[in-house]
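J.: data.cif is reproduced below (mmCIF, C-alpha atoms).
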```cif
data_work
#
loop_
_atom_site.label_atom_id
_atom_site.label_comp_id
_atom_site.auth_asym_id
_atom_site.auth_seq_id
_atom_site.Cartn_x
_atom_site.Cartn_y
_atom_site.Cartn_z
CA MET A 1 -2.32 -81.18 -97.95
CA GLU A 2 -5.40 -79.33 -99.12
CA LYS A 3 -6.30 -80.12 -102.72
CA PRO A 4 -5.81 -77.15 -105.05
CA LEU A 5 -8.84 -75.33 -106.33
CA GLU A 6 -10.07 -76.86 -109.58
CA LEU A 7 -11.25 -74.40 -112.18
CA SER A 8 -13.16 -75.29 -115.34
CA ARG A 9 -10.93 -75.07 -118.40
CA TYR A 10 -13.49 -72.68 -119.85
CA CYS A 11 -12.83 -70.20 -117.05
CA VAL A 12 -9.61 -68.24 -117.39
CA PRO A 13 -8.10 -66.90 -114.16
CA PHE A 14 -7.17 -63.28 -114.68
CA THR A 15 -5.36 -60.80 -112.44
CA PRO A 16 -5.25 -57.24 -113.83
CA PHE A 17 -1.80 -55.69 -114.20
CA THR A 18 -1.97 -52.12 -113.00
CA LYS A 19 1.66 -50.99 -112.62
CA ALA A 20 4.07 -49.61 -115.16
CA LEU A 21 6.66 -52.11 -116.39
CA GLU A 22 9.36 -49.64 -115.35
CA GLU A 23 8.17 -50.08 -111.74
CA SER A 24 7.72 -53.84 -111.90
CA LEU A 25 9.75 -56.76 -110.59
CA ILE A 26 9.61 -59.69 -112.99
CA CYS A 27 9.98 -63.38 -112.12
CA LEU A 28 10.93 -65.97 -114.72
CA VAL A 29 9.38 -69.45 -114.65
CA THR A 30 10.33 -72.13 -117.15
CA THR A 31 9.58 -75.76 -117.92
CA ALA A 32 12.87 -76.07 -119.83
CA ALA A 33 14.64 -77.91 -116.95
CA VAL A 34 17.14 -75.10 -116.35
CA ARG A 35 19.13 -75.05 -113.08
CA ALA A 36 22.23 -73.61 -111.45
CA LYS A 37 25.28 -75.66 -112.47
CA SER A 38 25.89 -76.31 -108.76
CA ASP A 39 22.34 -77.63 -108.21
CA THR A 40 21.06 -81.22 -108.48
CA PRO A 41 20.36 -82.24 -112.09
CA PHE A 42 16.81 -83.02 -113.23
CA ASN A 43 16.03 -86.60 -114.24
CA VAL A 44 15.46 -86.23 -118.01
CA GLU A 45 13.14 -89.28 -118.07
CA GLY A 46 10.69 -87.60 -115.74
CA ASP A 47 11.04 -85.31 -112.74
CA ASN A 48 8.31 -83.60 -110.74
CA SER A 49 10.61 -81.45 -108.65
CA PHE A 50 11.43 -77.82 -109.32
CA ARG A 51 14.53 -75.68 -108.84
CA ARG A 52 14.99 -72.19 -107.49
CA ILE A 53 17.49 -70.16 -109.49
CA ASP A 54 19.31 -67.25 -107.84
CA SER A 55 18.58 -64.35 -110.19
CA SER A 56 22.06 -62.88 -109.64
CA LEU A 57 23.44 -65.80 -111.67
CA SER A 58 24.00 -65.27 -115.38
CA THR A 59 23.22 -67.99 -117.92
CA ALA A 60 26.94 -68.84 -117.87
CA ASP A 61 26.33 -70.19 -114.35
CA LEU A 62 23.29 -72.22 -115.45
CA SER A 63 22.74 -75.55 -117.15
CA TYR A 64 19.80 -77.67 -118.32
CA ASP A 65 18.86 -81.35 -118.29
CA ASP A 66 16.63 -82.27 -121.18
CA ALA A 67 16.04 -84.88 -123.85
CA HIS A 68 12.83 -83.49 -125.36
CA TYR A 69 13.57 -80.29 -127.28
CA ASP A 70 16.12 -79.22 -129.85
CA HIS A 71 19.36 -78.14 -128.17
CA ALA A 72 21.08 -76.33 -131.04
CA CYS A 73 20.05 -72.97 -129.63
CA VAL A 74 20.45 -73.54 -125.88
CA ASP A 75 23.88 -75.13 -126.20
CA ARG A 76 25.11 -71.74 -127.48
CA ASP A 77 22.79 -69.47 -125.54
CA LEU A 78 20.46 -70.50 -122.72
CA ASN A 79 18.55 -67.23 -123.19
CA CYS A 80 16.78 -69.04 -126.07
CA VAL A 81 14.53 -70.65 -123.45
CA PHE A 82 15.47 -68.83 -120.24
CA PRO A 83 16.06 -65.12 -120.94
CA ALA A 84 17.62 -64.31 -117.55
CA ASP A 85 20.45 -62.21 -119.06
CA ARG A 86 17.94 -60.32 -121.21
CA LEU A 87 15.76 -59.46 -118.21
CA ALA A 88 18.87 -58.32 -116.32
CA ALA A 89 19.80 -56.09 -119.27
CA LEU A 90 16.26 -54.67 -119.46
CA ALA A 91 16.52 -53.86 -115.74
CA ARG A 92 19.85 -52.06 -116.28
CA GLU A 93 18.21 -50.08 -119.08
CA GLY A 94 15.33 -49.12 -116.77
CA ARG A 95 12.67 -50.77 -118.93
CA ILE A 96 11.67 -52.97 -115.97
CA ALA A 97 12.41 -52.20 -112.31
CA GLY A 98 14.26 -55.46 -111.82
CA VAL A 99 13.85 -59.15 -111.23
CA THR A 100 12.79 -61.11 -108.16
CA ALA A 101 15.54 -62.64 -105.99
CA GLU A 102 14.80 -66.03 -107.48
CA HIS A 103 13.54 -67.48 -110.75
CA PHE A 104 12.02 -70.97 -111.03
CA SER A 105 12.37 -74.00 -113.26
CA MET A 106 10.55 -77.30 -113.72
CA GLY A 107 11.68 -80.40 -115.57
CA TYR A 108 10.02 -82.80 -117.97
CA SER A 109 7.26 -84.97 -116.54
CA GLN A 110 4.42 -87.16 -117.72
CA ALA A 111 3.10 -87.75 -114.20
CA LEU A 112 0.46 -85.14 -114.87
CA ARG A 113 -1.80 -85.85 -111.92
CA GLU A 114 1.04 -85.54 -109.40
CA LEU A 115 2.23 -82.41 -111.21
CA ARG A 116 -1.21 -80.83 -111.00
CA GLU A 117 -1.86 -81.79 -107.40
CA THR A 118 1.60 -81.31 -105.89
CA THR A 119 4.28 -79.58 -107.96
CA VAL A 120 2.13 -76.90 -109.55
CA PRO A 121 0.60 -75.62 -106.27
CA GLN A 122 4.07 -75.71 -104.63
CA ILE A 123 5.77 -73.74 -107.37
CA ALA A 124 2.87 -71.26 -107.58
CA ARG A 125 3.15 -70.55 -103.85
CA ALA A 126 6.95 -70.27 -104.09
CA VAL A 127 6.64 -67.83 -107.00
CA SER A 128 4.05 -65.75 -105.16
CA ALA A 129 6.31 -65.66 -102.08
CA VAL A 130 9.11 -63.83 -103.93
CA ARG A 131 6.58 -61.02 -104.55
CA PRO A 132 6.77 -60.49 -108.32
CA ASP A 133 4.70 -57.77 -109.95
CA ALA A 134 4.39 -60.05 -112.97
CA VAL A 135 5.62 -63.47 -114.08
CA LEU A 136 7.06 -64.38 -117.48
CA LEU A 137 6.75 -68.07 -118.34
CA THR A 138 8.68 -69.92 -121.03
CA GLY A 139 8.49 -73.50 -122.27
CA GLY A 140 11.34 -75.53 -123.75
CA MET B 1 3.09 -74.89 -118.61
CA VAL B 2 -0.30 -73.19 -118.81
CA THR B 3 -1.36 -75.16 -115.71
CA VAL B 4 1.44 -73.45 -113.76
CA GLN B 5 0.56 -70.11 -115.31
CA ARG B 6 -3.11 -70.41 -114.30
CA ALA B 7 -2.15 -71.49 -110.76
CA ILE B 8 0.08 -68.41 -110.34
CA GLU B 9 -2.58 -66.13 -111.79
CA MET B 10 -5.13 -67.57 -109.34
CA LEU B 11 -2.87 -66.43 -106.48
CA GLY B 12 -3.25 -62.86 -107.71
CA VAL B 13 -0.07 -62.47 -109.74
CA PRO B 14 -0.37 -61.34 -113.39
CA THR B 15 1.38 -63.70 -115.82
CA VAL B 16 2.32 -63.93 -119.48
CA LEU B 17 3.50 -67.01 -121.37
CA ILE B 18 5.82 -67.24 -124.35
CA THR B 19 4.82 -70.39 -126.24
CA VAL B 20 5.98 -72.11 -129.40
CA GLU B 21 3.17 -74.68 -129.16
CA PRO B 22 0.21 -72.32 -129.58
CA GLU B 23 -2.49 -74.93 -130.30
CA GLU B 24 -1.61 -76.89 -127.18
CA SER B 25 -1.34 -73.70 -125.09
CA ALA B 26 -4.64 -72.27 -126.36
CA GLN B 27 -6.46 -75.48 -125.42
CA ALA B 28 -5.33 -75.00 -121.82
CA ARG B 29 -6.63 -71.38 -121.87
CA PRO B 30 -3.73 -69.17 -120.73
CA PRO B 31 -4.44 -65.79 -119.05
CA ARG B 32 -2.02 -64.13 -121.55
CA ALA B 33 0.21 -65.74 -124.15
CA LEU B 34 2.49 -64.72 -127.00
CA CYS B 35 3.53 -67.05 -129.82
CA PRO B 36 6.55 -65.85 -131.84
CA ARG B 37 5.45 -67.29 -135.17
CA GLY B 38 7.72 -69.90 -136.76
CA PHE B 39 9.92 -70.61 -133.73
CA ILE B 40 10.24 -74.14 -132.33
CA ALA B 41 10.83 -75.77 -128.94
CA GLY B 42 14.33 -74.95 -127.73
CA HIS B 43 14.24 -71.69 -129.69
CA SER B 44 11.33 -69.95 -127.92
CA LEU B 45 13.23 -66.64 -127.92
CA GLY B 46 14.57 -67.03 -131.42
CA ARG B 47 18.19 -67.25 -132.42
CA PRO B 48 21.18 -67.81 -130.10
CA GLU B 49 23.16 -64.71 -129.11
CA ASP B 50 20.65 -62.40 -130.82
CA GLU B 51 20.21 -60.12 -127.83
CA ALA B 52 18.12 -57.53 -129.68
CA LEU B 53 15.62 -60.12 -130.94
CA GLN B 54 15.35 -61.84 -127.55
CA LYS B 55 14.79 -58.53 -125.73
CA TRP B 56 12.20 -57.55 -128.34
CA ILE B 57 10.22 -60.76 -127.72
CA VAL B 58 10.52 -60.42 -123.92
CA MET B 59 9.30 -56.81 -124.06
CA ASP B 60 6.46 -57.77 -126.42
CA ALA B 61 5.37 -60.52 -124.03
CA LEU B 62 5.52 -58.15 -121.05
CA GLY B 63 3.69 -55.59 -123.17
CA LEU B 64 0.67 -57.94 -123.30
CA LEU B 65 0.26 -57.21 -119.57
CA ARG B 66 -0.67 -53.63 -120.49
CA GLU B 67 -2.82 -54.38 -123.54
CA THR B 68 -6.55 -55.03 -123.76
CA PRO B 69 -7.04 -58.42 -122.08
CA ARG B 70 -7.68 -61.45 -124.30
CA PRO B 71 -7.76 -64.19 -121.64
CA GLY B 72 -7.65 -67.70 -123.05
CA GLU B 73 -6.13 -66.58 -126.37
CA VAL B 74 -2.65 -66.85 -127.82
CA VAL B 75 -1.42 -63.72 -129.62
CA HIS B 76 0.68 -64.53 -132.71
CA ARG B 77 3.39 -62.12 -133.87
CA ASP B 78 6.11 -62.19 -136.52
CA TYR B 79 9.74 -61.39 -135.71
CA THR B 80 11.39 -61.50 -139.10
#
```
Please rewrite the model in this file as structure tokens.
T.:
Amino acid sequence: MEKPLELSRYCVPFTPFTKALEESLICLVTTAAVRAKSDTPFNVEGDNSFRRIDSSLSTADLSYDDAHYDHACVDRDLNCVFPADRLAALAREGRIAGVTAEHFSMGYSQALRELRETTVPQIARAVSAVRPDAVLLTGG
Amino acid sequence: MVTVQRAIEMLGVPTVLITVEPEESAQARPPRALCPRGFIAGHSLGRPEDEALQKWIVMDALGLLRETPRPGEVVHRDYT
């Protein structure tokens, strides 16, 4: 596979946002190891794969696999790291146009080179393919 | 996280990050980033079941898309 374009850290890629939020489809991307309950769990010790999350699912249908952040909040409300229900509510209220058909989630990994060269380009292409007007990213 | 953000932005999709590790995020130079001051990992959107607070932070983050660009910086805001 072609190696991804390397950009100096001092350069910041920047795509202007020209639409109104009320006309925009938003995609959610997290590194908090969230997934559909029916999907394969992440390996909490290290996992370079990513999961697609059907955006019609509510957080009640989702789970997470993590051993690296505090779980007091997410055990009660996954919106603390993955605000899927909040985006759905904002869409119902007309403050955004809606969400993309899928959201995306990555797990914990220290295999940074493989992440950078494989997982990151894959997830970026997958995100772009669902045609979001903007992407909201959240960590753990 | 910022690595993913920058990769998506390079494909021509505007992005905004909500981070609770602002020093680490700023070093990686995010296109747009919001740090809700005082929150920690696992609580990026604040308190559980506080829908109003979580929507406020989400809308503030999305609002950065429309504000004067500050690429590479992390914007800090209070939500108390």
J.: Record the distance separating CA of Ala32 (chain A) and CA of Tyr69 (chain A), expressed in Å with one decimal.
T.: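 Going from CA of Ala32 (chain A) over to CA of Tyr69 (chain A), I get 8.6 Å.
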J.: Set the distance at 12 Å and use only C-alpha atoms: which residues neighbour Val75 (chain B) once local chain neighbours fewer than 5 positions away are removed? I'd like the list as an mmCIF file with C-alpha atoms, in the coordinates of the input.
T.:
```
data_model
loop_
_atom_site.group_PDB
_atom_site.id
_atom_site.type_symbol
_atom_site.label_atom_id
_atom_site.label_comp_id
_atom_site.auth_asym_id
_atom_site.auth_seq_id
_atom_site.Cartn_x
_atom_site.Cartn_y
_atom_site.Cartn_z
ATOM 1 C CA VAL B 16 2.320 -63.930 -119.480
ATOM 2 C CA LEU B 17 3.500 -67.010 -121.370
ATOM 3 C CA ILE B 18 5.820 -67.240 -124.350
ATOM 4 C CA THR B 19 4.820 -70.390 -126.240
ATOM 5 C CA VAL B 20 5.980 -72.110 -129.400
ATOM 6 C CA GLU B 21 3.170 -74.680 -129.160
ATOM 7 C CA PRO B 22 0.210 -72.320 -129.580
ATOM 8 C CA GLU B 23 -2.490 -74.930 -130.300
ATOM 9 C CA SER B 25 -1.340 -73.700 -125.090
ATOM 10 C CA ALA B 26 -4.640 -72.270 -126.360
ATOM 11 C CA PRO B 30 -3.730 -69.170 -120.730
ATOM 12 C CA PRO B 31 -4.440 -65.790 -119.050
ATOM 13 C CA ARG B 32 -2.020 -64.130 -121.550
ATOM 14 C CA ALA B 33 0.210 -65.740 -124.150
ATOM 15 C CA LEU B 34 2.490 -64.720 -127.000
ATOM 16 C CA CYS B 35 3.530 -67.050 -129.820
ATOM 17 C CA PRO B 36 6.550 -65.850 -131.840
ATOM 18 C CA ARG B 37 5.450 -67.290 -135.170
ATOM 19 C CA ASP B 60 6.460 -57.770 -126.420
ATOM 20 C CA ALA B 61 5.370 -60.520 -124.030
ATOM 21 C CA GLY B 63 3.690 -55.590 -123.170
ATOM 22 C CA LEU B 64 0.670 -57.940 -123.300
ATOM 23 C CA GLU B 67 -2.820 -54.380 -123.540
ATOM 24 C CA THR B 68 -6.550 -55.030 -123.760
ATOM 25 C CA PRO B 69 -7.040 -58.420 -122.080
ATOM 26 C CA ARG B 70 -7.680 -61.450 -124.300
#
```
J.: Carefully work through the PyMOL selection byres ((chain B) within 8 of (chain A)) for this structure and note down the residues it includes, as a PyMOL selection string.
T.: chain B and resi 1+3-20+28-31+41-49+51+54-55+58+61-62+65-66+71-72
J.: Nearest residue to Ala101 (chain A) out of A:Ser38, A:Glu114, A:Ala88, A:Phe50, using all atoms listed in the file?
T.: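 Closest to Ala101 (chain A), using all atoms listed in the file: A:Ala88.
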J.: I'd like to see the residues matched by the PyMOL selection byres ((chain A and resi 63) around 6) on this file, and ideally I'd get them as a PDB file with C-alpha atoms, in the frame of the given file.
T.:
```pdb
ATOM      1  CA  VAL A  34      17.140 -75.100-116.350  1.00  0.00           C
ATOM      2  CA  ARG A  35      19.130 -75.050-113.080  1.00  0.00           C
ATOM      3  CA  LYS A  37      25.280 -75.660-112.470  1.00  0.00           C
ATOM      4  CA  LEU A  62      23.290 -72.220-115.450  1.00  0.00           C
ATOM      5  CA  TYR A  64      19.800 -77.670-118.320  1.00  0.00           C
TER       6      TYR A  64
END
```
J.: Between CA of Met59 (chain B) and CA of Leu57 (chain A), measure the distance and give it in Å to one decimal.
T.: 20.8 Å
J.: I want to know what sits within 6 Å of region 47-49 of chain A, based on all atoms listed in the file, with residues of the same chain fewer than 6 positions away left out; could you give that as a VMD selection string?
T.: chain A and resid 107 to 109
J.: Pick the closest to Asp39 (chain A) from A:Ser24, A:Ser56, A:Thr118, A:Ser105: which is it, counting all atoms listed in the file?
T.: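 Selected residue with least distance to Asp39 (chain A): A:Ser105.
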J.: Give me, please, the distance in Å between CA of Ile53 (chain A) and CA of Ala129 (chain A), quoted to one decimal.
T.: 14.1 Å
